[in-house]
file protein_33.csv (CSV, C-alpha atoms)
chain,number,residue,atom,x,y,z
A,1,MET,CA,51.8,-31.1,-35.9
A,2,THR,CA,52.0,-31.0,-39.7
A,3,THR,CA,54.4,-28.7,-41.3
A,4,LYS,CA,51.9,-26.6,-43.3
A,5,THR,CA,52.7,-22.9,-43.3
A,6,MET,CA,51.5,-19.5,-44.6
A,7,GLU,CA,53.5,-20.4,-47.8
A,8,ASN,CA,51.2,-23.4,-48.3
A,9,LEU,CA,48.1,-21.3,-47.6
A,10,PHE,CA,49.3,-18.7,-50.1
A,11,HIS,CA,50.1,-21.2,-52.8
A,12,ASP,CA,46.7,-23.0,-52.3
A,13,MET,CA,44.8,-19.8,-52.5
A,14,LEU,CA,46.7,-18.7,-55.6
A,15,LYS,CA,45.7,-21.9,-57.4
A,16,ASP,CA,42.1,-21.4,-56.2
A,17,ILE,CA,41.8,-17.9,-57.6
A,18,TYR,CA,43.7,-18.8,-60.8
A,19,TYR,CA,41.1,-21.4,-61.5
A,20,ALA,CA,38.4,-19.0,-60.6
A,21,GLU,CA,39.7,-16.2,-62.9
A,22,LYS,CA,39.8,-18.6,-65.8
A,23,LYS,CA,36.2,-19.7,-65.2
A,24,ILE,CA,35.1,-16.0,-64.9
A,25,LEU,CA,36.9,-15.3,-68.2
A,26,LYS,CA,34.5,-17.9,-69.9
A,27,ALA,CA,31.4,-16.8,-68.0
A,28,LEU,CA,31.6,-13.0,-68.7
A,29,PRO,CA,30.9,-13.3,-72.5
A,30,LYS,CA,27.8,-15.3,-71.7
A,31,MET,CA,26.6,-12.7,-69.3
A,32,ALA,CA,27.4,-9.9,-71.8
A,33,LYS,CA,25.3,-11.8,-74.4
A,34,GLY,CA,22.4,-12.3,-72.0
A,35,ALA,CA,22.3,-8.6,-70.9
A,36,GLN,CA,19.8,-6.2,-72.5
A,37,SER,CA,21.4,-2.9,-71.7
A,38,PRO,CA,24.3,-1.9,-74.0
A,39,LYS,CA,26.1,-0.3,-71.1
A,40,ILE,CA,25.9,-3.4,-69.0
A,41,LYS,CA,27.0,-5.6,-71.9
A,42,ALA,CA,30.0,-3.2,-72.3
A,43,ALA,CA,30.8,-3.4,-68.6
A,44,PHE,CA,30.9,-7.2,-68.7
A,45,GLU,CA,33.1,-7.1,-71.9
A,46,LYS,CA,35.4,-4.6,-70.3
A,47,HIS,CA,35.8,-6.8,-67.2
A,48,ARG,CA,36.5,-9.8,-69.4
A,49,ASP,CA,39.4,-7.9,-70.8
A,50,GLU,CA,40.6,-6.9,-67.3
A,51,THR,CA,40.3,-10.5,-66.2
A,52,GLU,CA,42.9,-11.4,-68.9
A,53,GLY,CA,45.3,-9.0,-67.3
A,54,GLN,CA,44.4,-10.4,-63.8
A,55,ILE,CA,45.3,-13.9,-65.0
A,56,GLU,CA,48.7,-12.6,-66.3
A,57,ARG,CA,49.4,-10.9,-63.0
A,58,LEU,CA,48.6,-14.2,-61.2
A,59,GLU,CA,51.1,-16.0,-63.5
A,60,GLN,CA,53.7,-13.4,-62.4
A,61,VAL,CA,52.9,-14.1,-58.8
A,62,PHE,CA,53.4,-17.9,-59.4
A,63,GLU,CA,56.8,-17.0,-60.9
A,64,ILE,CA,57.7,-14.9,-57.9
A,65,ILE,CA,57.1,-17.9,-55.5
A,66,GLY,CA,58.9,-20.2,-57.9
A,67,LYS,CA,55.9,-22.3,-58.8
A,68,ARG,CA,54.3,-23.3,-62.1
A,69,PRO,CA,50.9,-21.5,-62.8
A,70,GLN,CA,48.3,-24.1,-61.9
A,71,GLY,CA,44.6,-24.0,-61.1
A,72,LYS,CA,42.8,-26.0,-58.4
A,73,THR,CA,39.1,-26.6,-58.6
A,74,CYS,CA,37.4,-23.8,-56.8
A,75,GLU,CA,33.9,-25.0,-55.8
A,76,ALA,CA,33.1,-21.5,-54.5
A,77,ILE,CA,33.3,-19.8,-58.0
A,78,ASN,CA,31.7,-22.8,-59.6
A,79,GLY,CA,28.7,-22.3,-57.3
A,80,ILE,CA,28.6,-18.5,-57.7
A,81,LEU,CA,28.8,-18.8,-61.5
A,82,GLU,CA,26.1,-21.5,-61.4
A,83,GLU,CA,23.8,-18.9,-59.8
A,84,GLY,CA,24.5,-16.5,-62.7
A,85,GLU,CA,23.6,-19.3,-65.2
A,86,GLU,CA,20.3,-19.7,-63.3
A,87,VAL,CA,19.5,-16.0,-63.8
A,88,LEU,CA,20.3,-16.3,-67.5
A,89,GLU,CA,17.9,-19.2,-67.8
A,90,GLU,CA,15.1,-18.2,-65.5
A,91,TYR,CA,15.0,-14.5,-66.4
A,92,LYS,CA,15.7,-14.8,-70.2
A,93,GLY,CA,13.6,-12.3,-72.1
A,94,SER,CA,12.4,-10.6,-68.9
A,95,ASP,CA,12.9,-6.9,-68.0
A,96,ALA,CA,14.4,-8.0,-64.7
A,97,ILE,CA,17.3,-9.9,-66.2
A,98,ASP,CA,19.9,-7.1,-66.1
A,99,ALA,CA,19.3,-6.4,-62.4
A,100,GLY,CA,19.7,-10.1,-61.8
A,101,LEU,CA,22.9,-10.4,-63.9
A,102,VAL,CA,24.5,-7.4,-62.2
A,103,ALA,CA,23.7,-8.9,-58.8
A,104,ALA,CA,25.3,-12.2,-59.9
A,105,ALA,CA,28.4,-10.3,-61.1
A,106,GLN,CA,28.7,-8.5,-57.8
A,107,ALA,CA,28.7,-11.8,-55.9
A,108,VAL,CA,31.7,-12.8,-58.2
A,109,GLU,CA,33.4,-9.5,-57.4
A,110,HIS,CA,33.0,-9.9,-53.7
A,111,TYR,CA,34.5,-13.4,-53.8
A,112,GLU,CA,37.5,-12.0,-55.6
A,113,MET,CA,37.8,-9.1,-53.2
A,114,ALA,CA,37.9,-11.5,-50.3
A,115,ARG,CA,40.6,-13.7,-51.9
A,116,TYR,CA,42.8,-10.8,-53.2
A,117,GLY,CA,42.5,-9.0,-49.9
A,118,THR,CA,43.8,-12.1,-48.1
A,119,LEU,CA,46.5,-12.9,-50.6
A,120,LYS,CA,47.8,-9.3,-50.5
A,121,ARG,CA,48.0,-9.4,-46.7
A,122,TRP,CA,49.8,-12.7,-46.7
A,123,ALA,CA,52.2,-11.5,-49.4
A,124,GLU,CA,53.0,-8.4,-47.3
A,125,LEU,CA,53.8,-10.6,-44.3
A,126,MET,CA,56.0,-12.9,-46.3
A,127,GLY,CA,57.9,-9.9,-47.6
A,128,LEU,CA,56.9,-10.5,-51.3
A,129,SER,CA,56.7,-6.8,-52.2
A,130,ASP,CA,56.4,-7.4,-56.0
A,131,ALA,CA,53.6,-9.8,-55.4
A,132,VAL,CA,51.9,-7.2,-53.2
A,133,LYS,CA,51.9,-4.7,-56.0
A,134,LEU,CA,50.4,-7.1,-58.5
A,135,LEU,CA,47.7,-8.3,-56.1
A,136,ASP,CA,46.9,-4.8,-55.0
A,137,GLU,CA,46.4,-3.7,-58.6
A,138,THR,CA,43.9,-6.5,-59.2
A,139,LEU,CA,42.2,-5.9,-55.9
A,140,LYS,CA,41.6,-2.2,-56.8
A,141,GLN,CA,40.3,-3.2,-60.1
A,142,GLU,CA,37.8,-5.6,-58.5
A,143,CYS,CA,36.6,-3.0,-56.0
A,144,LYS,CA,36.2,-0.4,-58.9
A,145,THR,CA,34.2,-3.0,-60.9
A,146,ASP,CA,31.9,-3.6,-58.0
A,147,GLU,CA,31.3,0.1,-57.5
A,148,ASP,CA,30.7,0.6,-61.3
A,149,LEU,CA,28.2,-2.3,-61.2
A,150,THR,CA,26.3,-0.7,-58.3
A,151,LYS,CA,26.0,2.5,-60.4
A,152,LEU,CA,25.0,0.6,-63.5
A,153,ALA,CA,22.3,-1.3,-61.6
A,154,ASP,CA,20.7,1.9,-60.6
A,155,THR,CA,21.0,3.8,-63.9
A,156,GLN,CA,20.5,0.9,-66.4
A,157,ALA,CA,18.7,-2.0,-64.7
A,158,ASN,CA,16.8,-1.5,-61.5
A,159,GLN,CA,14.1,0.9,-62.7
A,160,LYS,CA,13.4,-1.4,-65.7
A,161,ALA,CA,13.0,-4.4,-63.4
A,162,LEU,CA,10.8,-2.3,-61.0
A,163,LYS,CA,8.5,-1.0,-63.7
A,164,ALA,CA,8.0,-4.6,-64.9
A,165,ALA,CA,6.4,-5.2,-61.6
B,1,MET,CA,8.7,-11.3,-72.8
B,2,THR,CA,8.2,-13.2,-69.6
B,3,THR,CA,6.6,-11.4,-66.7
B,4,LYS,CA,9.5,-11.8,-64.2
B,5,THR,CA,10.1,-8.6,-62.1
B,6,MET,CA,12.2,-7.2,-59.3
B,7,GLU,CA,9.8,-8.9,-56.9
B,8,ASN,CA,10.8,-12.3,-58.4
B,9,LEU,CA,14.5,-11.4,-58.1
B,10,PHE,CA,14.0,-10.3,-54.5
B,11,HIS,CA,12.1,-13.4,-53.5
B,12,ASP,CA,14.6,-15.7,-55.3
B,13,MET,CA,17.6,-14.0,-53.6
B,14,LEU,CA,15.8,-14.1,-50.2
B,15,LYS,CA,15.4,-17.9,-50.5
B,16,ASP,CA,19.1,-18.2,-51.6
B,17,ILE,CA,20.4,-16.3,-48.6
B,18,TYR,CA,18.0,-18.0,-46.2
B,19,TYR,CA,19.4,-21.4,-47.3
B,20,ALA,CA,22.9,-19.9,-47.0
B,21,GLU,CA,22.4,-18.6,-43.5
B,22,LYS,CA,21.1,-22.0,-42.3
B,23,LYS,CA,24.2,-23.7,-43.8
B,24,ILE,CA,26.5,-21.1,-42.2
B,25,LEU,CA,24.8,-21.7,-38.8
B,26,LYS,CA,25.8,-25.4,-39.0
B,27,ALA,CA,29.4,-24.6,-40.4
B,28,LEU,CA,30.4,-22.1,-37.7
B,29,PRO,CA,30.6,-24.5,-34.8
B,30,LYS,CA,32.9,-26.8,-36.9
B,31,MET,CA,35.1,-23.9,-37.6
B,32,ALA,CA,35.1,-22.8,-34.0
B,33,LYS,CA,36.1,-26.4,-33.0
B,34,GLY,CA,38.9,-26.5,-35.6
B,35,ALA,CA,40.4,-23.2,-34.6
B,36,GLN,CA,43.4,-23.1,-32.2
B,37,SER,CA,43.2,-19.5,-31.0
B,38,PRO,CA,40.6,-19.0,-28.2
B,39,LYS,CA,39.8,-15.5,-29.6
B,40,ILE,CA,39.1,-16.9,-33.1
B,41,LYS,CA,37.0,-19.7,-31.6
B,42,ALA,CA,35.1,-17.0,-29.7
B,43,ALA,CA,34.6,-14.9,-32.8
B,44,PHE,CA,33.1,-17.9,-34.7
B,45,GLU,CA,30.8,-18.7,-31.8
B,46,LYS,CA,29.7,-15.0,-31.6
B,47,HIS,CA,29.0,-15.0,-35.3
B,48,ARG,CA,27.0,-18.2,-34.9
B,49,ASP,CA,24.7,-16.5,-32.4
B,50,GLU,CA,24.5,-13.4,-34.7
B,51,THR,CA,23.5,-15.8,-37.6
B,52,GLU,CA,20.5,-17.0,-35.6
B,53,GLY,CA,19.3,-13.4,-35.4
B,54,GLN,CA,20.0,-12.9,-39.1
B,55,ILE,CA,17.8,-15.9,-39.9
B,56,GLU,CA,15.0,-14.4,-37.8
B,57,ARG,CA,15.3,-11.1,-39.6
B,58,LEU,CA,15.0,-12.9,-42.9
B,59,GLU,CA,11.9,-14.6,-41.7
B,60,GLN,CA,10.5,-11.2,-40.9
B,61,VAL,CA,11.3,-10.0,-44.4
B,62,PHE,CA,9.5,-13.1,-45.9
B,63,GLU,CA,6.5,-12.1,-43.8
B,64,ILE,CA,6.7,-8.5,-45.1
B,65,ILE,CA,6.4,-9.7,-48.7
B,66,GLY,CA,3.7,-12.2,-47.7
B,67,LYS,CA,5.7,-15.3,-48.4
B,68,ARG,CA,6.4,-18.4,-46.4
B,69,PRO,CA,10.1,-18.6,-45.2
B,70,GLN,CA,11.7,-21.1,-47.6
B,71,GLY,CA,15.2,-21.9,-48.6
B,72,LYS,CA,16.5,-22.6,-52.1
B,73,THR,CA,19.7,-24.5,-52.7
B,74,CYS,CA,22.5,-21.9,-52.9
B,75,GLU,CA,25.4,-23.6,-54.7
B,76,ALA,CA,27.6,-20.5,-54.0
B,77,ILE,CA,27.5,-21.0,-50.2
B,78,ASN,CA,27.9,-24.8,-50.7
B,79,GLY,CA,31.1,-24.2,-52.6
B,80,ILE,CA,32.4,-21.5,-50.3
B,81,LEU,CA,31.8,-23.7,-47.2
B,82,GLU,CA,33.3,-26.7,-48.9
B,83,GLU,CA,36.6,-24.7,-49.2
B,84,GLY,CA,36.4,-24.1,-45.5
B,85,GLU,CA,36.0,-27.8,-44.9
B,86,GLU,CA,39.1,-28.4,-47.1
B,87,VAL,CA,41.1,-26.0,-44.8
B,88,LEU,CA,39.8,-28.0,-41.7
B,89,GLU,CA,41.0,-31.2,-43.3
B,90,GLU,CA,44.2,-30.2,-45.0
B,91,TYR,CA,45.6,-27.9,-42.2
B,92,LYS,CA,44.4,-29.9,-39.2
B,93,GLY,CA,47.0,-29.7,-36.5
B,94,SER,CA,49.1,-27.1,-38.3
B,95,ASP,CA,50.1,-23.7,-37.1
B,96,ALA,CA,48.6,-22.2,-40.3
B,97,ILE,CA,45.1,-23.5,-39.7
B,98,ASP,CA,43.7,-20.3,-38.1
B,99,ALA,CA,44.9,-18.1,-40.9
B,100,GLY,CA,43.2,-20.4,-43.3
B,101,LEU,CA,40.0,-20.6,-41.3
B,102,VAL,CA,39.8,-16.8,-41.0
B,103,ALA,CA,40.3,-16.4,-44.8
B,104,ALA,CA,37.5,-19.0,-45.4
B,105,ALA,CA,35.2,-17.1,-43.0
B,106,GLN,CA,35.9,-13.8,-44.8
B,107,ALA,CA,34.9,-15.4,-48.2
B,108,VAL,CA,31.6,-16.3,-46.5
B,109,GLU,CA,31.2,-12.7,-45.2
B,110,HIS,CA,31.9,-11.3,-48.6
B,111,TYR,CA,29.2,-13.4,-50.2
B,112,GLU,CA,26.7,-12.2,-47.6
B,113,MET,CA,27.7,-8.6,-48.0
B,114,ALA,CA,27.1,-8.9,-51.8
B,115,ARG,CA,23.7,-10.5,-51.3
B,116,TYR,CA,22.5,-8.2,-48.4
B,117,GLY,CA,23.7,-5.1,-50.3
B,118,THR,CA,21.6,-6.1,-53.3
B,119,LEU,CA,18.6,-7.1,-51.3
B,120,LYS,CA,18.7,-3.8,-49.3
B,121,ARG,CA,18.8,-1.7,-52.6
B,122,TRP,CA,16.0,-3.7,-54.1
B,123,ALA,CA,13.9,-3.3,-50.9
B,124,GLU,CA,14.5,0.5,-51.0
B,125,LEU,CA,13.3,0.7,-54.7
B,126,MET,CA,10.2,-1.4,-53.9
B,127,GLY,CA,9.4,0.9,-51.0
B,128,LEU,CA,9.7,-1.9,-48.4
B,129,SER,CA,11.1,0.4,-45.6
B,130,ASP,CA,10.7,-2.2,-42.8
B,131,ALA,CA,12.6,-4.8,-44.8
B,132,VAL,CA,15.3,-2.2,-45.6
B,133,LYS,CA,15.9,-1.7,-41.9
B,134,LEU,CA,16.1,-5.4,-41.2
B,135,LEU,CA,18.5,-6.1,-44.1
B,136,ASP,CA,20.6,-3.1,-43.3
B,137,GLU,CA,21.0,-4.3,-39.7
B,138,THR,CA,22.4,-7.6,-41.0
B,139,LEU,CA,24.5,-6.0,-43.6
B,140,LYS,CA,26.2,-3.9,-41.0
B,141,GLN,CA,26.8,-6.9,-38.8
B,142,GLU,CA,28.4,-8.8,-41.7
B,143,CYS,CA,30.7,-5.8,-42.5
B,144,LYS,CA,31.7,-5.6,-38.9
B,145,THR,CA,32.4,-9.3,-38.7
B,146,ASP,CA,34.6,-9.0,-41.8
B,147,GLU,CA,36.6,-6.1,-40.2
B,148,ASP,CA,36.9,-8.0,-36.9
B,149,LEU,CA,38.2,-11.1,-38.8
B,150,THR,CA,40.9,-8.9,-40.5
B,151,LYS,CA,42.1,-7.7,-37.1
B,152,LEU,CA,42.0,-11.2,-35.6
B,153,ALA,CA,44.0,-12.6,-38.5
B,154,ASP,CA,46.7,-10.1,-37.8
B,155,THR,CA,46.7,-10.4,-34.0
B,156,GLN,CA,46.0,-14.1,-33.5
B,157,ALA,CA,46.8,-16.1,-36.7
B,158,ASN,CA,49.1,-14.7,-39.3
B,159,GLN,CA,52.3,-14.4,-37.3
B,160,LYS,CA,51.8,-18.0,-36.1
B,161,ALA,CA,51.3,-19.2,-39.7
B,162,LEU,CA,54.3,-17.2,-40.8
B,163,LYS,CA,56.7,-18.4,-38.0
B,164,ALA,CA,55.8,-22.0,-38.9
B,165,ALA,CA,57.4,-21.3,-42.3
call {"tool": "encode", "arguments": {"input": "protein_33.csv", "output": "structure tokens"}}
result
Amino acid sequence: MTTKTMENLFHDMLKDIYYAEKKILKALPKMAKGAQSPKIKAAFEKHRDETEGQIERLEQVFEIIGKRPQGKTCEAINGILEEGEEVLEEYKGSDAIDAGLVAAAQAVEHYEMARYGTLKRWAELMGLSDAVKLLDETLKQECKTDEDLTKLADTQANQKALKAA
Amino acid sequence: MTTKTMENLFHDMLKDIYYAEKKILKALPKMAKGAQSPKIKAAFEKHRDETEGQIERLEQVFEIIGKRPQGKTCEAINGILEEGEEVLEEYKGSDAIDAGLVAAAQAVEHYEMARYGTLKRWAELMGLSDAVKLLDETLKQECKTDEDLTKLADTQANQKALKAA
């Protein structure tokens, strides 16, 4: 038996999502630039700003557990963002690009929802009530972003992609 | 303007998730083998069987759009599964392994929920009602699996990981 515990899991996942958020922060302006719809551009820019706050909250959680904020390569987000890059390249100048970009952004949101959901539950079990509040705030923001993207897809992107058919 | 349309997006994402499901099919037995809790092992094995059905449904969707079933490397699932492999290696023999494996599986489920949610919406807009039914069946299965994993984490894994602390 090794001595790994929930505290190790929590710290590892915190490093994973910290790396992920920093990568997302860099990817969102590229997605905003590539989008055609002004409302979708604005949504990506708004989420970029929210991501800055999410990174700060993660830094507070690191402080709560007495660790230095540190990222650890997250191959999941690297892969998810790579698929967003493919949409940017392969659908450049096409009426279908916005529908593709929103779908790519929703895959990012779902990854974050999974991770923050787990981190929040673990923080609850470890009795880290201040961390729970911080993680819950971000989790709610990710869920709201995903819902907003679903609406934006329908009002700003899907019909355009469909008519191009 | 290129001539890419929603049909291209749909076909590309279908190939992405087809590749992903086949990778998941191979990963689940490893996760079942690595898990300590018999109920979590059983959940991974059950979902492996469900994944076979999901692959068959994707093949039916390919047929509906008149395309040959074909996968396309999905870096997202490669990265997500790689993180599951890391848990298997780094938490081997530890009381925290099951909590880590369930979290890894939930990241997989969330990726699938994002993709099937988008594919179902696009199929609706393209009037592919038979495809909508097939995609919705899988989407519901993924959501149910995610909920089941949340419960299993709390009843079979989290307390054990916590007590190890």
call {"tool": "atom_distance", "arguments": {"input": "protein_33.csv", "atom1": "CA of Ala161 (chain B)", "atom2": "CA of Gly79 (chain A)"}}
result
28.8 Å
call {"tool": "interface_residues", "arguments": {"input": "protein_33.csv", "of": "chain A", "to": "chain B", "cutoff": "9 Å", "atoms": "all atoms listed in the file", "output": "compact mmCIF listing (two decimals) with C-alpha atoms, in the coordinates of the input"}}
result
# COMPACT_ATOMS: atom_id res chain seq x y z
CA MET A 1 51.80 -31.10 -35.90
CA THR A 2 52.00 -31.00 -39.70
CA THR A 3 54.40 -28.70 -41.30
CA LYS A 4 51.90 -26.60 -43.30
CA THR A 5 52.70 -22.90 -43.30
CA MET A 6 51.50 -19.50 -44.60
CA GLU A 7 53.50 -20.40 -47.80
CA ASN A 8 51.20 -23.40 -48.30
CA LEU A 9 48.10 -21.30 -47.60
CA CYS A 74 37.40 -23.80 -56.80
CA GLU A 75 33.90 -25.00 -55.80
CA ALA A 76 33.10 -21.50 -54.50
CA ILE A 77 33.30 -19.80 -58.00
CA ASN A 78 31.70 -22.80 -59.60
CA GLY A 79 28.70 -22.30 -57.30
CA ILE A 80 28.60 -18.50 -57.70
CA LEU A 81 28.80 -18.80 -61.50
CA GLU A 82 26.10 -21.50 -61.40
CA GLU A 83 23.80 -18.90 -59.80
CA VAL A 87 19.50 -16.00 -63.80
CA GLU A 90 15.10 -18.20 -65.50
CA TYR A 91 15.00 -14.50 -66.40
CA LYS A 92 15.70 -14.80 -70.20
CA GLY A 93 13.60 -12.30 -72.10
CA SER A 94 12.40 -10.60 -68.90
CA ASP A 95 12.90 -6.90 -68.00
CA ALA A 96 14.40 -8.00 -64.70
CA ILE A 97 17.30 -9.90 -66.20
CA ALA A 99 19.30 -6.40 -62.40
CA GLY A 100 19.70 -10.10 -61.80
CA ALA A 103 23.70 -8.90 -58.80
CA ALA A 104 25.30 -12.20 -59.90
CA GLN A 106 28.70 -8.50 -57.80
CA ALA A 107 28.70 -11.80 -55.90
CA VAL A 108 31.70 -12.80 -58.20
CA GLU A 109 33.40 -9.50 -57.40
CA HIS A 110 33.00 -9.90 -53.70
CA TYR A 111 34.50 -13.40 -53.80
CA GLU A 112 37.50 -12.00 -55.60
CA MET A 113 37.80 -9.10 -53.20
CA ALA A 114 37.90 -11.50 -50.30
CA ARG A 115 40.60 -13.70 -51.90
CA THR A 118 43.80 -12.10 -48.10
CA TRP A 122 49.80 -12.70 -46.70
CA LEU A 125 53.80 -10.60 -44.30
CA MET A 126 56.00 -12.90 -46.30
CA THR A 150 26.30 -0.70 -58.30
CA ASP A 154 20.70 1.90 -60.60
CA ASN A 158 16.80 -1.50 -61.50
CA GLN A 159 14.10 0.90 -62.70
CA LYS A 160 13.40 -1.40 -65.70
CA ALA A 161 13.00 -4.40 -63.40
CA LEU A 162 10.80 -2.30 -61.00
CA LYS A 163 8.50 -1.00 -63.70
CA ALA A 164 8.00 -4.60 -64.90
CA ALA A 165 6.40 -5.20 -61.60
call {"tool": "atom_distance", "arguments": {"input": "protein_33.csv", "atom1": "CA of Pro69 (chain A)", "atom2": "CA of Leu14 (chain A)"}}
result
8.8 Å
call {"tool": "build_atoms", "arguments": {"input": "protein_33.csv", "residues": "region 100-125 of chain A", "atoms": "N, CA and C atoms", "output": "tab-separated table (two decimals), keeping the file's coordinate frame"}}
result
chain	number	residue	atom	x	y	z
A	100	GLY	N	19.28	-8.85	-62.28
A	100	GLY	CA	19.70	-10.10	-61.80
A	100	GLY	C	21.18	-10.44	-62.16
A	101	LEU	N	21.53	-10.10	-63.39
A	101	LEU	CA	22.90	-10.40	-63.90
A	101	LEU	C	23.92	-9.49	-63.14
A	102	VAL	N	23.56	-8.24	-62.90
A	102	VAL	CA	24.50	-7.40	-62.20
A	102	VAL	C	24.69	-7.89	-60.75
A	103	ALA	N	23.61	-8.34	-60.13
A	103	ALA	CA	23.70	-8.90	-58.80
A	103	ALA	C	24.63	-10.14	-58.78
A	104	ALA	N	24.48	-10.97	-59.80
A	104	ALA	CA	25.30	-12.20	-59.90
A	104	ALA	C	26.79	-11.78	-60.08
A	105	ALA	N	27.03	-10.76	-60.90
A	105	ALA	CA	28.40	-10.30	-61.10
A	105	ALA	C	29.00	-9.71	-59.84
A	106	GLN	N	28.15	-9.07	-59.05
A	106	GLN	CA	28.70	-8.50	-57.80
A	106	GLN	C	29.03	-9.57	-56.78
A	107	ALA	N	28.33	-10.71	-56.82
A	107	ALA	CA	28.70	-11.80	-55.90
A	107	ALA	C	30.10	-12.35	-56.37
A	108	VAL	N	30.35	-12.38	-57.68
A	108	VAL	CA	31.70	-12.80	-58.20
A	108	VAL	C	32.73	-11.80	-57.70
A	109	GLU	N	32.46	-10.51	-57.87
A	109	GLU	CA	33.40	-9.50	-57.40
A	109	GLU	C	33.76	-9.61	-55.96
A	110	HIS	N	32.72	-9.84	-55.15
A	110	HIS	CA	33.00	-9.90	-53.70
A	110	HIS	C	33.81	-11.15	-53.35
A	111	TYR	N	33.61	-12.25	-54.07
A	111	TYR	CA	34.50	-13.40	-53.80
A	111	TYR	C	35.92	-13.06	-54.11
A	112	GLU	N	36.13	-12.37	-55.23
A	112	GLU	CA	37.50	-12.00	-55.60
A	112	GLU	C	38.09	-11.00	-54.62
A	113	MET	N	37.28	-10.05	-54.18
A	113	MET	CA	37.80	-9.10	-53.20
A	113	MET	C	38.27	-9.76	-51.93
A	114	ALA	N	37.49	-10.74	-51.48
A	114	ALA	CA	37.90	-11.50	-50.30
A	114	ALA	C	39.23	-12.18	-50.50
A	115	ARG	N	39.35	-12.87	-51.63
A	115	ARG	CA	40.60	-13.70	-51.90
A	115	ARG	C	41.78	-12.77	-52.13
A	116	TYR	N	41.63	-11.71	-52.95
A	116	TYR	CA	42.80	-10.80	-53.20
A	116	TYR	C	43.19	-10.06	-51.96
A	117	GLY	N	42.20	-9.71	-51.13
A	117	GLY	CA	42.50	-9.00	-49.90
A	117	GLY	C	43.39	-9.89	-48.98
A	118	THR	N	43.02	-11.16	-48.87
A	118	THR	CA	43.80	-12.10	-48.10
A	118	THR	C	45.17	-12.35	-48.67
A	119	LEU	N	45.21	-12.60	-49.98
A	119	LEU	CA	46.50	-12.90	-50.60
A	119	LEU	C	47.46	-11.70	-50.49
A	120	LYS	N	46.93	-10.48	-50.63
A	120	LYS	CA	47.80	-9.30	-50.50
A	120	LYS	C	48.37	-9.20	-49.11
A	121	ARG	N	47.53	-9.44	-48.09
A	121	ARG	CA	48.00	-9.40	-46.70
A	121	ARG	C	49.09	-10.42	-46.44
A	122	TRP	N	48.84	-11.63	-46.91
A	122	TRP	CA	49.80	-12.70	-46.70
A	122	TRP	C	51.13	-12.38	-47.43
A	123	ALA	N	51.03	-11.83	-48.65
A	123	ALA	CA	52.20	-11.50	-49.40
A	123	ALA	C	53.03	-10.39	-48.67
A	124	GLU	N	52.31	-9.44	-48.06
A	124	GLU	CA	53.00	-8.40	-47.30
A	124	GLU	C	53.78	-9.05	-46.13
A	125	LEU	N	53.12	-9.95	-45.42
A	125	LEU	CA	53.80	-10.60	-44.30
A	125	LEU	C	54.94	-11.47	-44.68
